[in-house]
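J.: My structure is in start08.cif, and what it holds is mmCIF, C-alpha atoms:
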```cif
data_structure
#
loop_
_atom_site.label_atom_id
_atom_site.label_comp_id
_atom_site.auth_asym_id
_atom_site.auth_seq_id
_atom_site.Cartn_x
_atom_site.Cartn_y
_atom_site.Cartn_z
CA MET A 1 -57.04 -28.63 -7.12
CA THR A 2 -53.64 -27.04 -7.84
CA ASN A 3 -50.76 -29.06 -9.26
CA SER A 4 -47.31 -28.06 -7.99
CA LEU A 5 -43.83 -29.49 -8.28
CA SER A 6 -42.78 -27.69 -5.07
CA SER A 7 -43.50 -28.83 -1.57
CA PRO A 8 -44.96 -26.34 0.95
CA ASP A 9 -41.56 -26.18 2.70
CA GLU A 10 -39.75 -25.38 -0.57
CA THR A 11 -42.29 -22.67 -1.38
CA ALA A 12 -41.78 -21.13 2.07
CA ASP A 13 -38.01 -21.21 1.61
CA ALA A 14 -38.34 -19.46 -1.74
CA ARG A 15 -40.50 -16.75 -0.14
CA ASP A 16 -37.94 -16.34 2.67
CA ASN A 17 -35.12 -16.00 0.14
CA ALA A 18 -37.10 -13.43 -1.79
CA ARG A 19 -37.63 -11.38 1.35
CA ARG A 20 -34.03 -11.73 2.56
CA PRO A 21 -31.94 -8.70 1.60
CA ARG A 22 -29.21 -9.52 -0.88
CA LYS A 23 -25.67 -8.94 0.35
CA PRO A 24 -23.87 -5.94 -1.16
CA ARG A 25 -21.41 -7.14 -3.80
CA LEU A 26 -18.07 -5.45 -4.45
CA LEU A 27 -15.42 -6.07 -7.10
CA MET A 28 -11.93 -4.76 -6.30
CA ILE A 29 -9.30 -4.45 -9.04
CA VAL A 30 -5.62 -3.97 -8.24
CA GLU A 31 -2.70 -4.23 -10.65
CA ASN A 32 0.26 -3.19 -8.56
CA LEU A 33 0.62 -6.31 -6.40
CA ALA A 34 -0.85 -9.76 -5.94
CA VAL A 35 -3.52 -10.25 -3.28
CA PRO A 36 -3.33 -11.07 -0.39
CA PHE A 37 0.14 -9.46 -0.37
CA ASP A 38 -1.13 -5.96 -1.11
CA ARG A 39 -1.63 -4.99 2.53
CA ARG A 40 -4.07 -2.14 2.03
CA VAL A 41 -6.29 -4.00 -0.42
CA TRP A 42 -6.31 -7.11 1.74
CA SER A 43 -7.18 -5.13 4.88
CA GLU A 44 -10.05 -3.47 3.01
CA ALA A 45 -11.30 -6.72 1.50
CA THR A 46 -11.26 -8.69 4.75
CA ALA A 47 -12.91 -5.86 6.69
CA LEU A 48 -15.76 -5.70 4.19
CA ALA A 49 -16.15 -9.48 4.01
CA ARG A 50 -16.38 -9.72 7.80
CA ASN A 51 -19.15 -7.14 7.75
CA GLY A 52 -21.51 -8.78 5.30
CA TYR A 53 -20.17 -7.81 1.87
CA GLU A 54 -19.53 -10.28 -0.93
CA VAL A 55 -16.04 -9.37 -2.14
CA SER A 56 -14.28 -10.41 -5.34
CA VAL A 57 -10.75 -9.28 -6.19
CA ILE A 58 -8.94 -9.19 -9.54
CA CYS A 59 -5.14 -8.92 -9.37
CA PRO A 60 -1.96 -10.19 -11.06
CA LYS A 61 -0.24 -13.41 -10.16
CA GLY A 62 2.90 -13.19 -8.06
CA LYS A 63 5.35 -15.17 -6.00
CA ASN A 64 3.38 -17.45 -3.64
CA ALA A 65 0.18 -16.31 -5.38
CA THR A 66 0.15 -18.33 -8.58
CA ALA A 67 -3.37 -19.81 -8.56
CA SER A 68 -5.70 -18.36 -11.19
CA TYR A 69 -8.58 -18.60 -8.74
CA GLU A 70 -8.88 -19.27 -5.05
CA VAL A 71 -10.99 -18.32 -2.06
CA ILE A 72 -9.24 -16.99 1.06
CA ASP A 73 -11.22 -15.91 4.13
CA GLY A 74 -14.38 -15.83 2.03
CA ILE A 75 -12.86 -13.52 -0.59
CA HIS A 76 -12.91 -14.77 -4.18
CA ILE A 77 -9.59 -13.94 -5.86
CA PHE A 78 -9.20 -13.99 -9.65
CA ARG A 79 -5.58 -13.65 -10.83
CA HIS A 80 -4.12 -13.04 -14.25
CA TRP A 81 -0.74 -13.66 -15.83
CA MET A 82 1.65 -10.74 -16.33
CA PRO A 83 4.26 -10.67 -19.13
CA LEU A 84 6.90 -8.89 -17.01
CA GLU A 85 7.68 -6.78 -13.94
CA ALA A 86 8.38 -3.48 -15.64
CA SER A 87 11.17 -1.03 -14.93
CA GLY A 88 11.60 1.15 -18.05
CA MET A 89 8.96 3.27 -19.75
CA LYS A 90 8.30 0.78 -22.56
CA GLY A 91 8.05 -2.01 -20.01
CA TYR A 92 5.41 -0.13 -18.02
CA LEU A 93 3.40 0.46 -21.21
CA VAL A 94 3.42 -3.27 -22.01
CA GLU A 95 2.59 -4.19 -18.42
CA TYR A 96 -0.32 -1.78 -18.08
CA VAL A 97 -1.90 -2.57 -21.46
CA ALA A 98 -1.68 -6.31 -20.80
CA ALA A 99 -3.09 -5.89 -17.30
CA LEU A 100 -6.04 -3.83 -18.58
CA VAL A 101 -6.97 -6.50 -21.12
CA PHE A 102 -6.71 -9.35 -18.61
CA GLU A 103 -8.58 -7.45 -15.90
CA PHE A 104 -11.43 -6.53 -18.20
CA ALA A 105 -11.77 -10.17 -19.29
CA LEU A 106 -11.83 -11.32 -15.67
CA SER A 107 -14.36 -8.61 -14.76
CA LEU A 108 -16.74 -10.15 -17.28
CA LYS A 109 -16.19 -13.54 -15.68
CA VAL A 110 -16.97 -12.10 -12.23
CA LEU A 111 -20.03 -10.31 -13.61
CA PHE A 112 -21.56 -13.51 -14.96
CA THR A 113 -20.52 -15.84 -12.12
CA ARG A 114 -20.71 -13.83 -8.90
CA GLY A 115 -21.99 -10.43 -9.93
CA PHE A 116 -21.14 -7.06 -8.40
CA ASP A 117 -22.83 -3.74 -7.68
CA VAL A 118 -19.76 -1.55 -7.15
CA ILE A 119 -16.24 -1.58 -8.61
CA GLN A 120 -13.31 -0.31 -6.56
CA ALA A 121 -10.25 0.39 -8.71
CA CYS A 122 -6.88 0.73 -6.98
CA ASN A 123 -4.11 2.55 -8.83
CA PRO A 124 -1.49 2.59 -10.27
CA PRO A 125 -2.06 2.63 -13.19
CA ASP A 126 -4.73 5.27 -13.82
CA THR A 127 -6.28 3.30 -16.69
CA LEU A 128 -8.77 1.27 -14.68
CA PHE A 129 -11.39 4.00 -15.10
CA LEU A 130 -11.95 2.49 -18.58
CA ILE A 131 -13.33 -0.65 -16.94
CA GLY A 132 -15.24 1.46 -14.45
CA ALA A 133 -16.77 3.56 -17.23
CA PHE A 134 -17.87 0.45 -19.13
CA TYR A 135 -19.86 -0.87 -16.19
CA LYS A 136 -21.04 2.52 -14.96
CA TYR A 137 -22.50 3.77 -18.22
CA LEU A 138 -23.72 0.45 -19.67
CA PHE A 139 -24.82 -1.40 -16.52
CA GLY A 140 -25.35 1.34 -13.93
CA LYS A 141 -22.64 0.09 -11.57
CA LYS A 142 -21.05 2.48 -9.08
CA PHE A 143 -17.35 3.25 -9.57
CA VAL A 144 -15.04 3.97 -6.61
CA PHE A 145 -11.44 5.09 -7.09
CA ASP A 146 -9.07 4.04 -4.27
CA HIS A 147 -6.22 6.53 -4.79
CA HIS A 148 -3.00 4.74 -3.79
CA ASP A 149 -0.41 6.77 -5.74
CA ILE A 150 -0.28 10.15 -7.48
CA SER A 151 0.78 8.86 -10.88
CA PRO A 152 2.16 12.09 -12.45
CA GLU A 153 4.42 12.63 -9.45
CA LEU A 154 5.37 8.94 -9.41
CA PHE A 155 6.40 9.16 -13.09
CA GLU A 156 8.52 12.23 -12.42
CA ALA A 157 10.15 10.52 -9.43
CA LYS A 158 11.00 7.41 -11.48
CA PHE A 159 12.21 9.09 -14.67
CA GLY A 160 13.33 12.54 -13.51
CA ARG A 161 11.34 14.50 -16.09
CA ARG A 162 7.87 15.46 -17.24
CA GLY A 163 7.15 15.68 -20.98
CA ILE A 164 4.35 14.09 -23.00
CA MET A 165 3.95 11.02 -20.80
CA TRP A 166 3.60 13.18 -17.70
CA LYS A 167 0.87 15.21 -19.41
CA MET A 168 -0.86 11.98 -20.44
CA LEU A 169 -0.83 10.76 -16.85
CA CYS A 170 -2.36 14.06 -15.70
CA LEU A 171 -5.13 13.54 -18.27
CA LEU A 172 -5.74 9.94 -17.17
CA GLU A 173 -5.92 11.08 -13.55
CA ARG A 174 -8.53 13.75 -14.40
CA LEU A 175 -10.57 11.25 -16.40
CA THR A 176 -10.44 8.78 -13.50
CA PHE A 177 -11.91 11.33 -11.11
CA LYS A 178 -14.48 12.42 -13.70
CA VAL A 179 -15.79 8.85 -14.03
CA ALA A 180 -15.58 8.03 -10.32
CA ASP A 181 -18.75 8.35 -8.24
CA TYR A 182 -16.61 8.45 -5.09
CA SER A 183 -12.93 8.45 -4.21
CA ILE A 184 -11.00 7.10 -1.24
CA ALA A 185 -7.87 9.13 -0.44
CA THR A 186 -5.05 7.70 1.66
CA ASN A 187 -4.32 11.06 3.33
CA GLU A 188 -5.32 14.73 3.31
CA SER A 189 -2.70 15.59 0.67
CA TYR A 190 -4.28 13.12 -1.76
CA ARG A 191 -7.74 14.43 -0.90
CA GLY A 192 -6.55 17.93 -1.77
CA ILE A 193 -5.27 16.73 -5.16
CA ALA A 194 -8.60 15.06 -5.93
CA ILE A 195 -10.51 18.24 -5.13
CA GLU A 196 -8.18 21.03 -6.22
CA ARG A 197 -6.36 19.50 -9.21
CA ASP A 198 -8.97 17.14 -10.54
CA GLY A 199 -12.28 18.80 -9.67
CA MET A 200 -13.81 16.09 -7.47
CA ARG A 201 -16.60 17.35 -5.23
CA PRO A 202 -15.39 17.52 -1.60
CA ASP A 203 -18.39 15.52 -0.36
CA ARG A 204 -17.35 12.66 -2.71
CA VAL A 205 -13.78 12.26 -1.39
CA PHE A 206 -13.19 10.33 1.84
CA VAL A 207 -9.93 9.74 3.70
CA VAL A 208 -9.12 6.17 4.77
CA ARG A 209 -5.47 5.91 5.76
CA THR A 210 -3.39 2.76 5.36
CA GLY A 211 -2.95 2.03 9.05
CA PRO A 212 -0.96 -0.97 10.29
CA ASN A 213 -3.01 -4.04 11.10
CA LEU A 214 -2.02 -4.94 14.66
CA LYS A 215 -3.17 -8.52 14.13
CA ARG A 216 -0.29 -8.81 11.66
CA VAL A 217 2.31 -6.32 12.90
CA ARG A 218 3.64 -7.72 16.17
CA ILE A 219 6.64 -7.35 18.45
CA LEU A 220 8.74 -10.53 18.51
CA PRO A 221 11.77 -11.59 20.58
CA PRO A 222 14.95 -9.99 19.16
CA ASP A 223 17.50 -12.14 17.36
CA ASN A 224 20.98 -10.66 17.66
CA LYS A 225 22.35 -12.72 14.79
CA TRP A 226 21.18 -9.86 12.54
CA LYS A 227 23.68 -7.55 14.26
CA LYS A 228 26.57 -9.74 13.08
CA GLY A 229 28.50 -9.11 16.26
CA ARG A 230 28.00 -5.35 16.21
CA ARG A 231 26.43 -3.31 19.00
CA PHE A 232 23.61 -1.68 17.03
CA LEU A 233 21.18 -2.60 14.26
CA VAL A 234 19.54 -0.09 11.91
CA ALA A 235 16.74 -1.48 9.72
CA TYR A 236 14.91 -0.49 6.55
CA VAL A 237 11.89 -2.30 5.11
CA GLY A 238 10.16 -1.51 1.84
CA VAL A 239 10.34 -1.55 -1.91
CA ILE A 240 13.78 -1.20 -3.47
CA ALA A 241 13.18 1.33 -6.24
CA LYS A 242 14.75 4.59 -7.35
CA GLN A 243 12.31 6.84 -5.49
CA GLU A 244 12.87 4.98 -2.22
CA GLY A 245 16.29 6.59 -1.73
CA LEU A 246 18.34 3.48 -0.95
CA ASP A 247 21.33 5.11 -2.67
CA LEU A 248 21.03 7.98 -0.18
CA LEU A 249 20.96 5.50 2.69
CA LEU A 250 24.13 3.83 1.40
CA GLU A 251 25.84 7.23 1.23
CA SER A 252 24.90 7.70 4.89
CA VAL A 253 26.33 4.29 5.78
CA LYS A 254 29.58 5.16 4.00
CA TYR A 255 29.74 8.50 5.83
CA LEU A 256 29.25 6.76 9.17
CA ARG A 257 32.07 4.32 8.42
CA ASP A 258 34.57 6.69 6.79
CA GLU A 259 33.91 10.03 8.50
CA ARG A 260 32.35 9.14 11.84
CA LYS A 261 34.43 5.96 12.21
CA ARG A 262 31.35 4.05 13.38
CA ASN A 263 32.07 0.37 12.93
CA ASP A 264 29.56 -0.64 15.61
CA ILE A 265 26.44 -0.38 13.42
CA GLN A 266 24.98 -3.10 11.20
CA PHE A 267 22.37 -2.18 8.60
CA VAL A 268 19.68 -4.52 7.28
CA ILE A 269 17.67 -3.74 4.14
CA VAL A 270 14.54 -5.86 3.88
CA GLY A 271 12.53 -6.02 0.66
CA GLY A 272 12.73 -6.39 -3.07
CA GLY A 273 11.87 -4.39 -6.14
CA PRO A 274 12.90 -3.37 -9.65
CA ASP A 275 16.18 -1.76 -8.54
CA GLN A 276 17.26 -4.36 -6.01
CA GLU A 277 20.13 -5.72 -8.11
CA GLU A 278 21.41 -2.22 -8.86
CA VAL A 279 21.34 -1.19 -5.18
CA VAL A 280 23.20 -4.36 -4.13
CA LYS A 281 25.88 -3.59 -6.74
CA LEU A 282 26.09 0.00 -5.51
CA SER A 283 26.68 -1.26 -1.96
CA HIS A 284 29.38 -3.63 -3.21
CA ARG A 285 31.17 -0.86 -5.15
CA ALA A 286 31.15 1.30 -2.01
CA GLY A 287 32.80 -1.52 -0.05
CA LEU A 288 29.82 -1.94 2.27
CA ASP A 289 29.27 -5.69 1.93
CA ASP A 290 30.17 -6.29 5.56
CA ALA A 291 28.10 -3.38 6.92
CA VAL A 292 24.86 -3.93 4.99
CA THR A 293 22.74 -7.09 4.82
CA PHE A 294 20.21 -7.45 1.99
CA THR A 295 17.53 -10.03 2.77
CA GLY A 296 15.25 -9.68 -0.25
CA ARG A 297 11.55 -10.30 0.41
CA VAL A 298 10.97 -12.29 3.60
CA ASP A 299 8.06 -13.79 5.50
CA ASP A 300 6.35 -11.80 8.25
CA HIS A 301 8.05 -13.68 11.10
CA THR A 302 11.50 -12.85 9.74
CA LEU A 303 10.49 -9.26 8.97
CA PHE A 304 9.14 -8.50 12.43
CA THR A 305 12.03 -10.31 14.12
CA ILE A 306 14.47 -8.01 12.31
CA LEU A 307 12.46 -4.90 13.13
CA SER A 308 12.05 -5.98 16.75
CA THR A 309 15.84 -6.39 16.98
CA ALA A 310 16.59 -2.98 15.45
CA ASN A 311 17.63 -0.04 17.60
CA VAL A 312 16.58 2.49 14.95
CA CYS A 313 14.50 2.25 11.78
CA VAL A 314 15.00 4.47 8.75
CA ASN A 315 12.98 5.91 5.90
CA PRO A 316 15.40 7.33 3.32
CA ASP A 317 12.66 8.16 0.77
CA ARG A 318 14.06 10.67 -1.68
CA PRO A 319 12.51 14.13 -1.14
CA ASN A 320 10.28 14.88 -4.13
CA ALA A 321 6.67 15.78 -4.85
CA MET A 322 5.57 12.14 -4.80
CA ASN A 323 7.12 11.22 -1.46
CA ASP A 324 6.25 14.55 0.13
CA LYS A 325 2.53 13.90 -0.33
CA SER A 326 2.45 10.13 0.21
CA THR A 327 1.90 8.14 3.39
CA MET A 328 4.41 5.32 3.80
CA ILE A 329 3.11 2.22 5.57
CA LYS A 330 6.65 1.36 6.71
CA ILE A 331 6.66 4.47 8.92
CA MET A 332 3.57 3.31 10.80
CA GLU A 333 4.84 -0.26 11.05
CA TYR A 334 8.04 1.05 12.63
CA MET A 335 5.88 3.05 15.05
CA ALA A 336 3.67 0.05 15.84
CA LEU A 337 6.80 -1.81 16.96
CA GLY A 338 7.89 1.10 19.16
CA LYS A 339 10.94 2.02 17.08
CA PRO A 340 12.39 5.53 16.76
CA ILE A 341 12.74 6.68 13.16
CA VAL A 342 15.08 8.80 11.06
CA GLN A 343 13.71 10.24 7.81
CA PHE A 344 14.05 13.27 5.58
CA ASP A 345 11.69 16.11 6.41
CA MET A 346 8.55 15.80 4.26
CA THR A 347 4.91 16.72 4.76
CA GLU A 348 3.14 13.38 5.13
CA GLY A 349 6.10 11.70 6.80
CA ARG A 350 5.95 14.32 9.53
CA ASN A 351 2.13 14.11 9.69
CA SER A 352 2.36 10.38 10.34
CA ALA A 353 5.34 10.13 12.71
CA GLN A 354 5.24 13.49 14.50
CA GLU A 355 7.49 13.09 17.59
CA ALA A 356 8.39 9.47 16.78
CA ALA A 357 11.00 10.58 14.21
CA LEU A 358 14.02 12.81 13.78
CA TYR A 359 13.94 14.76 10.52
CA ALA A 360 17.13 15.16 8.49
CA LEU A 361 17.69 18.02 6.07
CA LYS A 362 16.41 17.08 2.60
CA ASN A 363 18.94 15.06 0.59
CA ASP A 364 21.63 15.69 3.22
CA THR A 365 23.05 12.20 3.77
CA ALA A 366 25.55 13.36 6.38
CA ASP A 367 22.77 14.94 8.44
CA PHE A 368 20.75 11.74 8.02
CA ALA A 369 23.68 9.74 9.39
CA ASP A 370 24.14 12.18 12.25
CA ARG A 371 20.50 11.79 13.26
CA ILE A 372 21.01 7.99 13.38
CA CYS A 373 23.97 8.50 15.71
CA GLU A 374 21.94 10.89 17.85
CA LEU A 375 19.42 8.14 18.57
CA LEU A 376 21.95 5.35 19.03
CA ASP A 377 23.94 7.47 21.47
CA ASP A 378 20.90 8.58 23.48
CA PRO A 379 18.90 5.42 24.26
CA ALA A 380 16.56 7.26 26.65
CA LYS A 381 15.53 9.66 23.89
CA ALA A 382 15.13 6.77 21.44
CA GLU A 383 12.92 4.94 23.94
CA ARG A 384 10.70 8.01 24.48
CA MET A 385 10.25 8.48 20.75
CA GLY A 386 9.49 4.81 20.21
CA ALA A 387 6.89 4.84 22.99
CA PHE A 388 5.25 7.94 21.52
CA GLY A 389 5.01 6.29 18.11
CA ARG A 390 3.51 3.08 19.46
CA GLU A 391 0.88 4.99 21.47
CA ARG A 392 0.00 7.06 18.40
CA VAL A 393 -0.55 3.89 16.38
CA LEU A 394 -2.60 2.20 19.10
CA ASN A 395 -4.84 5.21 19.67
CA VAL A 396 -5.04 6.90 16.26
CA LEU A 397 -3.39 5.25 13.26
CA ALA A 398 -4.02 1.49 13.53
CA TRP A 399 -6.16 -0.14 10.88
CA GLU A 400 -8.94 -0.85 13.39
CA HIS A 401 -9.62 2.90 13.49
CA GLU A 402 -9.48 3.29 9.69
CA GLU A 403 -11.68 0.22 9.18
CA LYS A 404 -14.59 2.05 10.80
CA LYS A 405 -14.17 4.87 8.28
CA LEU A 406 -14.12 2.37 5.40
CA LEU A 407 -17.32 0.69 6.57
CA ALA A 408 -19.07 4.05 7.01
CA PHE A 409 -17.94 5.03 3.51
CA TYR A 410 -19.32 1.89 1.87
CA GLU A 411 -22.58 2.19 3.77
CA LYS A 412 -22.96 5.54 2.02
CA VAL A 413 -21.89 4.15 -1.37
CA PHE A 414 -24.43 1.34 -1.28
CA GLN A 415 -27.36 3.55 -0.33
CA GLY A 416 -29.84 3.14 -3.17
CA VAL A 417 -27.71 0.55 -4.97
CA LEU A 418 -29.32 -2.62 -3.66
CA PRO A 419 -32.83 -3.51 -4.81
CA SER A 420 -35.54 -3.10 -2.19
CA ARG A 421 -37.64 -6.13 -1.20
#
```
Show this structure as structure tokens.

T.:
Amino acid sequence: MTNSLSSPDETADARDNARRPRKPRLLMIVENLAVPFDRRVWSEATALARNGYEVSVICPKGKNATASYEVIDGIHIFRHWMPLEASGMKGYLVEYVAALVFEFALSLKVLFTRGFDVIQACNPPDTLFLIGAFYKYLFGKKFVFDHHDISPELFEAKFGRRGIMWKMLCLLERLTFKVADYSIATNESYRGIAIERDGMRPDRVFVVRTGPNLKRVRILPPDNKWKKGRRFLVAYVGVIAKQEGLDLLLESVKYLRDERKRNDIQFVIVGGGPDQEEVVKLSHRAGLDDAVTFTGRVDDHTLFTILSTANVCVNPDRPNAMNDKSTMIKIMEYMALGKPIVQFDMTEGRNSAQEAALYALKNDTADFADRICELLDDPAKAERMGAFGRERVLNVLAWEHEEKKLLAFYEKVFQGVLPSR
């Protein structure tokens, strides 16, 4: 006679659990923005969670994201404190070193509480390969690099020079791709950098664009209060930082007022960032307080109300190597809302918008202003361009199309990772 502490039903349940395939487990690390407010990371995480993956995310704390740990939509989020939001070079060094220490400590916590099979690191900064290397070479975990920004070009755009730090960033980028088993590129330009500059095998680099999520981006009834009694509204949404070209936009606004005598246009700048205070002061010194409204960061309802009210949306990103090769989510959100766009002529901006935008000469703020007037004064043309952009998003660029690529990518990554039963 056999003695057992388990009932027959419990033994059967244990056998069923042993036979049941374990869910694939993924740890995502992002330093640039708190989750769920990093739109790309959150779209990726929720898509994977809905399709049977166990997803954990490590990120910094931020406004309206102050909990050290919480679960949202089945995703386990572990947040760490940050000493500052950096702007200068020394500040970035402090921020990135602190983040690396906190993120490594939290990765150990995730390892021993939830576990993971694959790490996805989202830059900037390009230091997260150190955590990836630790788990890859000591524990056999797969390391995926989700390439959000080209850091050497970003440094040059922020500080206007190269030098030793630029060379160091090039080295960190190469080391990241050397450690990575696979890389996700946000566009073909980034894929080319991974392959041509950093030696990644072409069959290891996959493009998953940051398409707008149409469950979030929605057309709302316009609210003419944002026009402040003027006939037209021109809107910008995005980060307020040096490389975003808000100073160029303000020069265009001043040209419209002083040279074109256009007092019928109200501008709204939506967003925040490290240079927000400086840009507001610049607007004040130019005497544009009445023509330009700064909202700071706003909730989605306010954001999409403003964009739905706008006659034209603008992308004044400063022409440089960083912006030329980067895909801007604001462009596709404008398109999703059916808005015609004015931007400077750059490679990925044109690849995204195509006929939904007019393209001003690089750094020519008068030409930028003239293109705005061209759209405001030809509403039929503006409507055609807006319709083209919305159709392009619905049929090609929306996140629902990119989500399929992400899921196919991770199916490939996890081949051979999970234990067989």

J.: Would you compute the distance between atom CA of A:Ile265 and atom CA of A:Asn323? Give it in Å to one decimal.

T.: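 Taking atom CA of A:Ile265 as the start and atom CA of A:Asn323 as the end point, the length is 27.0 Å.
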
J.: Got a sec to resolve the PyMOL selection byres ((chain A and resi 402) around 12) on this structure and send the residues as a ChimeraX atom specification?

T.: /A:40,43-44,47,184-187,206-213,393-401,403-409

J.: Could you write those residues out with C-alpha atoms, as an mmCIF file, in the coordinates of the input?

T.:
```
data_model
loop_
_atom_site.group_PDB
_atom_site.id
_atom_site.type_symbol
_atom_site.label_atom_id
_atom_site.label_comp_id
_atom_site.auth_asym_id
_atom_site.auth_seq_id
_atom_site.Cartn_x
_atom_site.Cartn_y
_atom_site.Cartn_z
ATOM 1 C CA ARG A 40 -4.070 -2.140 2.030
ATOM 2 C CA SER A 43 -7.180 -5.130 4.880
ATOM 3 C CA GLU A 44 -10.050 -3.470 3.010
ATOM 4 C CA ALA A 47 -12.910 -5.860 6.690
ATOM 5 C CA ILE A 184 -11.000 7.100 -1.240
ATOM 6 C CA ALA A 185 -7.870 9.130 -0.440
ATOM 7 C CA THR A 186 -5.050 7.700 1.660
ATOM 8 C CA ASN A 187 -4.320 11.060 3.330
ATOM 9 C CA PHE A 206 -13.190 10.330 1.840
ATOM 10 C CA VAL A 207 -9.930 9.740 3.700
ATOM 11 C CA VAL A 208 -9.120 6.170 4.770
ATOM 12 C CA ARG A 209 -5.470 5.910 5.760
ATOM 13 C CA THR A 210 -3.390 2.760 5.360
ATOM 14 C CA GLY A 211 -2.950 2.030 9.050
ATOM 15 C CA PRO A 212 -0.960 -0.970 10.290
ATOM 16 C CA ASN A 213 -3.010 -4.040 11.100
ATOM 17 C CA VAL A 393 -0.550 3.890 16.380
ATOM 18 C CA LEU A 394 -2.600 2.200 19.100
ATOM 19 C CA ASN A 395 -4.840 5.210 19.670
ATOM 20 C CA VAL A 396 -5.040 6.900 16.260
ATOM 21 C CA LEU A 397 -3.390 5.250 13.260
ATOM 22 C CA ALA A 398 -4.020 1.490 13.530
ATOM 23 C CA TRP A 399 -6.160 -0.140 10.880
ATOM 24 C CA GLU A 400 -8.940 -0.850 13.390
ATOM 25 C CA HIS A 401 -9.620 2.900 13.490
ATOM 26 C CA GLU A 403 -11.680 0.220 9.180
ATOM 27 C CA LYS A 404 -14.590 2.050 10.800
ATOM 28 C CA LYS A 405 -14.170 4.870 8.280
ATOM 29 C CA LEU A 406 -14.120 2.370 5.400
ATOM 30 C CA LEU A 407 -17.320 0.690 6.570
ATOM 31 C CA ALA A 408 -19.070 4.050 7.010
ATOM 32 C CA PHE A 409 -17.940 5.030 3.510
#
```

J.: Going by the chain IDs and residue numbers used in this file, which residues fall under the PyMOL selection byres ((chain A and resi 372) around 9)? Write them as a VMD selection string.

T.: chain A and resid 234 312 to 314 341 to 342 358 367 to 371 373 to 377

J.: Name the residues that the PyMOL selection byres ((chain A and resi 53) around 7) picks from the file above, as a list in words, using the file's chain letters and numbers.

T.: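 Selection result, ordered by chain and number: Lys23, Pro24, Arg25, Leu48, Ala49, Asn51, Gly52, Glu54 and Val55 of chain A.
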
J.: Between atom CA of A:Gln120 and atom CA of A:Met28, measure the distance and give it in Å to one decimal.

T.: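 According to the coordinates, atom CA of A:Gln120 and atom CA of A:Met28 are separated by 4.7 Å.
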
J.: In Å, rounded to a single decimal, give me how far atom CA of A:Ser252 is from atom CA of A:Arg318.

T.: 13.0 Å

J.: For A:Lys142, which of A:Glu391, A:Glu156, A:Asp126, A:Asp181 is the closest residue, counting all atoms listed in the file?

T.: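 Closest candidate: A:Asp181.
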